[in-house]
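Next comes upload_34.cif, a file with mmCIF, C-alpha atoms.
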```cif
data_structure
loop_
_atom_site.label_atom_id
_atom_site.label_comp_id
_atom_site.auth_asym_id
_atom_site.auth_seq_id
_atom_site.Cartn_x
_atom_site.Cartn_y
_atom_site.Cartn_z
CA MET U 1 6.59 16.14 -3.72
CA GLY U 2 9.47 16.66 -1.36
CA ARG U 3 12.41 14.36 -0.85
CA ASP U 4 10.74 13.05 2.28
CA GLY U 5 7.59 12.01 0.41
CA LYS U 6 5.28 14.81 1.52
CA ILE U 7 3.44 17.41 -0.51
CA ASN U 8 5.36 20.70 -0.31
CA GLY U 9 2.69 22.74 -2.06
CA LEU U 10 1.37 23.36 -5.55
CA ILE U 11 3.34 24.35 -8.62
CA VAL U 12 2.28 25.52 -12.06
CA ILE U 13 4.97 25.02 -14.70
CA ARG U 14 4.86 26.42 -18.22
CA ILE U 15 4.91 23.39 -20.53
CA SER U 16 7.53 24.95 -22.79
CA SER U 17 9.86 25.11 -19.76
CA ILE U 18 9.85 21.33 -19.29
CA GLN U 19 12.91 19.87 -20.98
CA ALA U 20 12.31 16.16 -20.45
CA VAL U 21 9.93 13.71 -18.81
CA ILE U 22 11.44 10.46 -17.60
CA ARG U 23 9.22 7.62 -16.45
CA GLN U 24 9.81 4.56 -14.30
CA THR U 25 13.09 5.60 -12.70
CA ASP U 26 14.53 4.37 -9.43
CA TYR U 27 14.18 7.90 -8.11
CA LEU U 28 10.42 7.90 -8.76
CA THR U 29 10.12 4.46 -7.18
CA THR U 30 11.93 5.77 -4.10
CA VAL U 31 9.63 8.82 -3.89
CA SER U 32 6.64 6.50 -4.16
CA GLU U 33 7.94 4.45 -1.22
CA LYS U 34 8.57 7.60 0.80
CA THR U 35 4.99 8.77 0.23
CA LYS U 36 3.79 5.52 1.80
CA VAL U 37 5.74 6.39 4.94
CA ALA U 38 4.45 9.98 4.87
CA HIS U 39 0.88 8.67 4.72
CA ARG U 40 1.49 6.13 7.48
CA TYR U 41 2.90 8.76 9.85
CA HIS U 42 0.42 11.49 8.86
CA TYR U 43 2.77 14.10 7.41
CA PHE U 44 1.97 13.57 3.73
CA ASP U 45 -0.16 16.73 3.35
CA VAL U 46 0.57 19.04 6.28
CA TRP U 47 -0.42 22.09 4.19
CA HIS U 48 -3.86 20.60 3.36
CA VAL U 49 -3.25 20.96 -0.36
CA GLN U 50 -5.61 18.13 -1.31
CA GLU U 51 -8.35 19.62 0.86
CA PHE U 52 -7.82 23.02 -0.82
CA LEU U 53 -8.10 21.43 -4.28
CA ASP U 54 -11.21 19.49 -3.24
CA GLU U 55 -12.85 22.68 -1.95
CA HIS U 56 -11.76 24.79 -4.97
CA PRO U 57 -11.94 22.52 -8.03
CA GLU U 58 -12.23 25.53 -10.32
CA ILE U 59 -8.54 26.31 -9.77
CA THR U 60 -7.63 23.17 -11.73
CA SER U 61 -9.50 24.09 -14.91
CA GLY U 62 -8.86 26.74 -17.53
CA ASN U 63 -5.68 28.80 -17.29
CA LEU U 64 -3.87 27.27 -14.31
CA LEU U 65 -1.30 30.07 -14.04
CA GLU U 66 -3.93 32.80 -14.02
CA ASN U 67 -6.01 30.84 -11.49
CA ALA U 68 -3.04 30.35 -9.16
CA LEU U 69 -1.95 33.98 -9.46
CA GLN U 70 -5.47 35.24 -8.80
CA ASP U 71 -5.86 32.96 -5.76
CA SER U 72 -2.58 34.15 -4.29
CA TYR U 73 -3.29 37.81 -5.08
CA THR U 74 -6.85 37.74 -3.73
CA ASN U 75 -5.76 36.01 -0.51
CA GLN U 76 -2.47 37.96 -0.23
CA LEU U 77 -0.49 34.74 0.03
CA PRO U 78 3.22 34.64 -0.75
CA VAL U 79 4.30 32.87 -3.92
CA VAL U 80 7.57 31.81 -5.48
CA ILE U 81 8.01 32.91 -9.09
CA GLY U 82 10.60 31.68 -11.55
CA THR U 83 11.00 33.57 -14.81
CA ARG U 84 12.48 33.01 -18.25
CA LYS U 85 14.89 35.87 -17.60
CA TYR U 86 16.76 33.86 -14.98
CA LYS U 87 16.10 30.39 -16.49
CA GLY U 88 15.82 28.57 -13.16
CA ALA U 89 18.96 30.20 -11.75
CA ASP U 90 16.93 32.33 -9.37
CA ASP U 91 13.39 32.65 -8.13
CA PHE U 92 11.57 35.25 -6.09
CA THR U 93 9.47 34.82 -2.95
CA GLY U 94 6.99 37.58 -2.33
CA LYS U 95 3.45 38.89 -2.46
CA ILE U 96 1.70 40.01 -5.60
CA ALA U 97 1.05 43.73 -5.17
CA GLN U 98 -0.62 44.25 -8.57
CA LEU U 99 -2.02 41.83 -11.09
CA ASP U 100 -3.62 42.33 -14.49
CA ARG U 101 -3.95 40.32 -17.69
CA ILE U 102 -0.48 41.36 -18.91
CA GLN U 103 1.80 41.59 -15.89
CA LEU U 104 2.20 41.42 -12.15
CA VAL U 105 4.17 43.41 -9.63
CA LEU U 106 5.80 41.30 -6.95
CA HIS U 107 7.03 42.71 -3.65
CA TYR U 108 9.68 40.19 -2.73
CA PHE U 109 12.39 39.72 -0.15
CA ASN U 110 15.95 38.60 -0.60
CA GLU U 111 16.75 36.10 2.14
CA HIS U 112 20.37 37.29 2.10
CA ASP U 113 19.39 40.96 2.53
CA LEU U 114 16.28 41.58 4.61
CA SER U 115 16.90 45.33 4.85
CA SER U 116 13.88 46.03 2.63
CA LEU U 117 11.42 44.59 0.18
CA TRP U 118 12.23 44.71 -3.50
CA GLU U 119 9.91 45.13 -6.46
CA TYR U 120 9.86 43.04 -9.61
CA GLN U 121 7.57 43.70 -12.58
CA VAL U 122 6.99 40.51 -14.50
CA LEU U 123 5.13 39.97 -17.75
CA LEU U 124 2.87 36.95 -17.27
CA ALA U 125 4.28 35.52 -20.51
CA GLN U 126 7.71 35.43 -18.82
CA VAL U 127 6.63 33.33 -15.81
CA ASP U 128 8.15 29.85 -16.06
CA TYR U 129 6.74 28.49 -12.81
CA LEU U 130 4.77 29.51 -9.77
CA ARG U 131 4.85 27.72 -6.42
CA PHE U 132 1.98 28.41 -4.06
CA ARG U 133 -0.02 27.07 -1.10
CA GLY U 134 2.71 25.13 0.65
CA THR U 135 5.96 25.25 2.58
CA GLN U 136 7.38 28.31 0.84
CA MET U 137 4.08 30.16 1.24
CA ALA U 138 4.09 29.47 4.97
CA THR U 139 7.71 30.49 5.47
CA GLY U 140 7.09 33.57 3.33
CA GLN U 141 4.09 34.49 5.50
CA GLN U 142 6.26 34.21 8.61
CA ILE U 143 8.96 36.46 7.17
CA PHE U 144 6.40 39.05 6.07
CA ALA U 145 4.70 38.95 9.48
CA ASP U 146 7.90 39.26 11.53
CA ILE U 147 10.19 41.36 9.33
CA PHE U 148 7.86 43.31 7.03
CA PRO U 149 4.64 43.58 9.08
CA GLU U 150 3.42 46.71 7.32
CA ASP U 151 3.39 45.02 3.92
#
```

Final structure tokens representation of the file:
Amino acid sequence: MGRDGKINGLIVIRISSIQAVIRQTDYLTTVSEKTKVAHRYHYFDVWHVQEFLDEHPEITSGNLLENALQDSYTNQLPVVIGTRKYKGADDFTGKIAQLDRIQLVLHYFNEHDLSSLWEYQVLLAQVDYLRFRGTQMATGQQIFADIFPED
């Protein structure tokens, strides 16, 4: 959920990475009110995330991280990956170039240096979170299309 009450995409978070869960806060009440506005003015789900989940219910069962990675790899959709190595201090937007049961290879861009793509090998056990099928996927697609069209 974004600050404006709309769905920004999907995220898979490793449970061990969650430090606290706080319920019934004013912030959550405010987000709830904002989602009402987003629904009323038809911008709640501009990325059709709910439709995707309805059409692909299998992605929500079993190993969610593996399902999300496989979906993004198969469809060559950009993802955002956060790893234990950087502990939330940095994440990487790119396309999964290789994927197996142990690791992935991500071809990612640095938005402060678009001179080339970079490569990051990540053990799946080191992935803290994965964002996919939303705003960052769409902006990633645009950058790949315009700046790195051969990739």

- Message: Once the PyMOL selection byres ((chain U and resi 50-63) around 12) has been evaluated on this model, what residues remain selected, and can you format them as a list in words?
- Response: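 Checked against the file, the PyMOL selection byres ((chain U and resi 50-63) around 12) matches Lys6, Ile7, Asn8, Gly9, Leu10, Ile11, Val12, Ile13, Arg14, Phe44, Asp45, Val46, Trp47, His48, Val49, Leu64, Leu65, Glu66, Asn67, Ala68, Leu69, Gln70, Asp71, Ser72, Arg101, Leu124, Phe132, Arg133 and Gly134 of chain U.
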
- Query: Leaving out Asp91 (chain U) and any residue of its chain fewer than 2 positions from it, which residues lie within 12 Å of it when counting all atoms listed in the file, given as a PyMOL selection string?
  - Reply: chain U and resi 79-89+93-94+106+108-111+120+122+127-131+136

- Task: In Å, rounded to a single decimal, give me how far CA of Ala97 (chain U) is from CA of Met137 (chain U).
- Result: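 For CA of Met137 (chain U) relative to CA of Ala97 (chain U), the distance reads 15.3 Å.
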
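With distances restricted to all atoms listed in the file, U:Gln141 is the closest residue to Asn75 (chain U) from U:Trp118, U:Ile22, U:Gln141, U:Val105.
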
- A straight line from CA of Glu33 (chain U) to CA of Gly5 (chain U) spans 7.7 Å

- Quick one: pull the distance between CA of Tyr41 (chain U) and CA of Thr29 (chain U), Å, one decimal.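 Rounded to one decimal, the two atoms are 19.0 Å apart.
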
Please supply region 23-59 of chain U, rebuilt with N, CA and C atoms, as a PDB file, in the coordinates of the input.
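What follows is the written file result16.pdb:
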```
ATOM      1  N   ARG U  23      10.134   8.485 -17.189  1.00  0.00           N
ATOM      2  CA  ARG U  23       9.220   7.620 -16.450  1.00  0.00           C
ATOM      3  C   ARG U  23       9.950   6.405 -15.900  1.00  0.00           C
ATOM      4  N   GLN U  24       9.360   5.828 -14.872  1.00  0.00           N
ATOM      5  CA  GLN U  24       9.810   4.560 -14.300  1.00  0.00           C
ATOM      6  C   GLN U  24      11.302   4.554 -13.931  1.00  0.00           C
ATOM      7  N   THR U  25      11.709   5.561 -13.162  1.00  0.00           N
ATOM      8  CA  THR U  25      13.090   5.600 -12.700  1.00  0.00           C
ATOM      9  C   THR U  25      13.161   5.114 -11.265  1.00  0.00           C
ATOM     10  N   ASP U  26      14.344   4.769 -10.830  1.00  0.00           N
ATOM     11  CA  ASP U  26      14.530   4.370  -9.430  1.00  0.00           C
ATOM     12  C   ASP U  26      14.200   5.524  -8.493  1.00  0.00           C
ATOM     13  N   TYR U  27      14.507   6.737  -8.928  1.00  0.00           N
ATOM     14  CA  TYR U  27      14.180   7.900  -8.110  1.00  0.00           C
ATOM     15  C   TYR U  27      12.674   7.984  -7.862  1.00  0.00           C
ATOM     16  N   LEU U  28      11.876   7.828  -8.917  1.00  0.00           N
ATOM     17  CA  LEU U  28      10.420   7.900  -8.760  1.00  0.00           C
ATOM     18  C   LEU U  28       9.900   6.749  -7.902  1.00  0.00           C
ATOM     19  N   THR U  29      10.500   5.586  -8.030  1.00  0.00           N
ATOM     20  CA  THR U  29      10.120   4.460  -7.180  1.00  0.00           C
ATOM     21  C   THR U  29      10.414   4.787  -5.718  1.00  0.00           C
ATOM     22  N   THR U  30      11.565   5.382  -5.460  1.00  0.00           N
ATOM     23  CA  THR U  30      11.930   5.770  -4.100  1.00  0.00           C
ATOM     24  C   THR U  30      10.958   6.806  -3.539  1.00  0.00           C
ATOM     25  N   VAL U  31      10.602   7.810  -4.343  1.00  0.00           N
ATOM     26  CA  VAL U  31       9.630   8.820  -3.890  1.00  0.00           C
ATOM     27  C   VAL U  31       8.303   8.154  -3.571  1.00  0.00           C
ATOM     28  N   SER U  32       7.888   7.223  -4.405  1.00  0.00           N
ATOM     29  CA  SER U  32       6.640   6.500  -4.160  1.00  0.00           C
ATOM     30  C   SER U  32       6.682   5.775  -2.807  1.00  0.00           C
ATOM     31  N   GLU U  33       7.789   5.140  -2.513  1.00  0.00           N
ATOM     32  CA  GLU U  33       7.940   4.450  -1.220  1.00  0.00           C
ATOM     33  C   GLU U  33       7.918   5.441  -0.068  1.00  0.00           C
ATOM     34  N   LYS U  34       8.550   6.577  -0.263  1.00  0.00           N
ATOM     35  CA  LYS U  34       8.570   7.600   0.800  1.00  0.00           C
ATOM     36  C   LYS U  34       7.179   8.157   1.061  1.00  0.00           C
ATOM     37  N   THR U  35       6.356   8.273   0.012  1.00  0.00           N
ATOM     38  CA  THR U  35       4.990   8.770   0.230  1.00  0.00           C
ATOM     39  C   THR U  35       4.180   7.795   1.077  1.00  0.00           C
ATOM     40  N   LYS U  36       4.476   6.509   0.959  1.00  0.00           N
ATOM     41  CA  LYS U  36       3.790   5.520   1.800  1.00  0.00           C
ATOM     42  C   LYS U  36       4.090   5.784   3.278  1.00  0.00           C
ATOM     43  N   VAL U  37       5.344   6.087   3.565  1.00  0.00           N
ATOM     44  CA  VAL U  37       5.740   6.390   4.940  1.00  0.00           C
ATOM     45  C   VAL U  37       5.076   7.687   5.405  1.00  0.00           C
ATOM     46  N   ALA U  38       5.072   8.693   4.525  1.00  0.00           N
ATOM     47  CA  ALA U  38       4.450   9.980   4.870  1.00  0.00           C
ATOM     48  C   ALA U  38       2.971   9.803   5.189  1.00  0.00           C
ATOM     49  N   HIS U  39       2.289   8.962   4.427  1.00  0.00           N
ATOM     50  CA  HIS U  39       0.880   8.670   4.720  1.00  0.00           C
ATOM     51  C   HIS U  39       0.748   7.950   6.054  1.00  0.00           C
ATOM     52  N   ARG U  40       1.572   6.934   6.259  1.00  0.00           N
ATOM     53  CA  ARG U  40       1.490   6.130   7.480  1.00  0.00           C
ATOM     54  C   ARG U  40       1.678   6.974   8.727  1.00  0.00           C
ATOM     55  N   TYR U  41       2.593   7.946   8.673  1.00  0.00           N
ATOM     56  CA  TYR U  41       2.900   8.760   9.850  1.00  0.00           C
ATOM     57  C   TYR U  41       2.245  10.133   9.819  1.00  0.00           C
ATOM     58  N   HIS U  42       1.303  10.317   8.900  1.00  0.00           N
ATOM     59  CA  HIS U  42       0.420  11.490   8.860  1.00  0.00           C
ATOM     60  C   HIS U  42       1.142  12.817   8.624  1.00  0.00           C
ATOM     61  N   TYR U  43       2.160  12.822   7.790  1.00  0.00           N
ATOM     62  CA  TYR U  43       2.770  14.100   7.410  1.00  0.00           C
ATOM     63  C   TYR U  43       2.789  14.287   5.895  1.00  0.00           C
ATOM     64  N   PHE U  44       1.998  13.513   5.182  1.00  0.00           N
ATOM     65  CA  PHE U  44       1.970  13.570   3.730  1.00  0.00           C
ATOM     66  C   PHE U  44       1.486  14.934   3.225  1.00  0.00           C
ATOM     67  N   ASP U  45       0.448  15.491   3.843  1.00  0.00           N
ATOM     68  CA  ASP U  45      -0.160  16.730   3.350  1.00  0.00           C
ATOM     69  C   ASP U  45      -0.386  17.706   4.495  1.00  0.00           C
ATOM     70  N   VAL U  46       0.686  18.144   5.128  1.00  0.00           N
ATOM     71  CA  VAL U  46       0.570  19.040   6.280  1.00  0.00           C
ATOM     72  C   VAL U  46       0.000  20.403   5.905  1.00  0.00           C
ATOM     73  N   TRP U  47       0.077  20.779   4.640  1.00  0.00           N
ATOM     74  CA  TRP U  47      -0.420  22.090   4.190  1.00  0.00           C
ATOM     75  C   TRP U  47      -1.857  21.998   3.680  1.00  0.00           C
ATOM     76  N   HIS U  48      -2.457  20.818   3.760  1.00  0.00           N
ATOM     77  CA  HIS U  48      -3.860  20.600   3.360  1.00  0.00           C
ATOM     78  C   HIS U  48      -4.110  20.987   1.904  1.00  0.00           C
ATOM     79  N   VAL U  49      -3.154  20.649   1.067  1.00  0.00           N
ATOM     80  CA  VAL U  49      -3.250  20.960  -0.360  1.00  0.00           C
ATOM     81  C   VAL U  49      -4.398  20.198  -1.002  1.00  0.00           C
ATOM     82  N   GLN U  50      -4.527  18.917  -0.708  1.00  0.00           N
ATOM     83  CA  GLN U  50      -5.610  18.130  -1.310  1.00  0.00           C
ATOM     84  C   GLN U  50      -6.967  18.675  -0.883  1.00  0.00           C
ATOM     85  N   GLU U  51      -7.095  19.041   0.369  1.00  0.00           N
ATOM     86  CA  GLU U  51      -8.350  19.620   0.860  1.00  0.00           C
ATOM     87  C   GLU U  51      -8.654  20.928   0.121  1.00  0.00           C
ATOM     88  N   PHE U  52      -7.642  21.769  -0.072  1.00  0.00           N
ATOM     89  CA  PHE U  52      -7.820  23.020  -0.820  1.00  0.00           C
ATOM     90  C   PHE U  52      -8.312  22.727  -2.233  1.00  0.00           C
ATOM     91  N   LEU U  53      -7.686  21.770  -2.909  1.00  0.00           N
ATOM     92  CA  LEU U  53      -8.100  21.430  -4.280  1.00  0.00           C
ATOM     93  C   LEU U  53      -9.512  20.856  -4.309  1.00  0.00           C
ATOM     94  N   ASP U  54      -9.861  20.044  -3.313  1.00  0.00           N
ATOM     95  CA  ASP U  54     -11.210  19.490  -3.240  1.00  0.00           C
ATOM     96  C   ASP U  54     -12.262  20.589  -3.043  1.00  0.00           C
ATOM     97  N   GLU U  55     -11.912  21.596  -2.246  1.00  0.00           N
ATOM     98  CA  GLU U  55     -12.850  22.680  -1.950  1.00  0.00           C
ATOM     99  C   GLU U  55     -12.880  23.748  -3.049  1.00  0.00           C
ATOM    100  N   HIS U  56     -11.855  23.784  -3.903  1.00  0.00           N
ATOM    101  CA  HIS U  56     -11.760  24.790  -4.970  1.00  0.00           C
ATOM    102  C   HIS U  56     -11.410  24.119  -6.300  1.00  0.00           C
ATOM    103  N   PRO U  57     -12.268  23.242  -6.801  1.00  0.00           N
ATOM    104  CA  PRO U  57     -11.940  22.520  -8.030  1.00  0.00           C
ATOM    105  C   PRO U  57     -11.763  23.431  -9.242  1.00  0.00           C
ATOM    106  N   GLU U  58     -12.335  24.605  -9.194  1.00  0.00           N
ATOM    107  CA  GLU U  58     -12.230  25.530 -10.320  1.00  0.00           C
ATOM    108  C   GLU U  58     -10.788  25.973 -10.587  1.00  0.00           C
ATOM    109  N   ILE U  59      -9.930  25.889  -9.582  1.00  0.00           N
ATOM    110  CA  ILE U  59      -8.540  26.310  -9.770  1.00  0.00           C
ATOM    111  C   ILE U  59      -7.791  25.370 -10.708  1.00  0.00           C
TER     112      ILE U  59
END
```
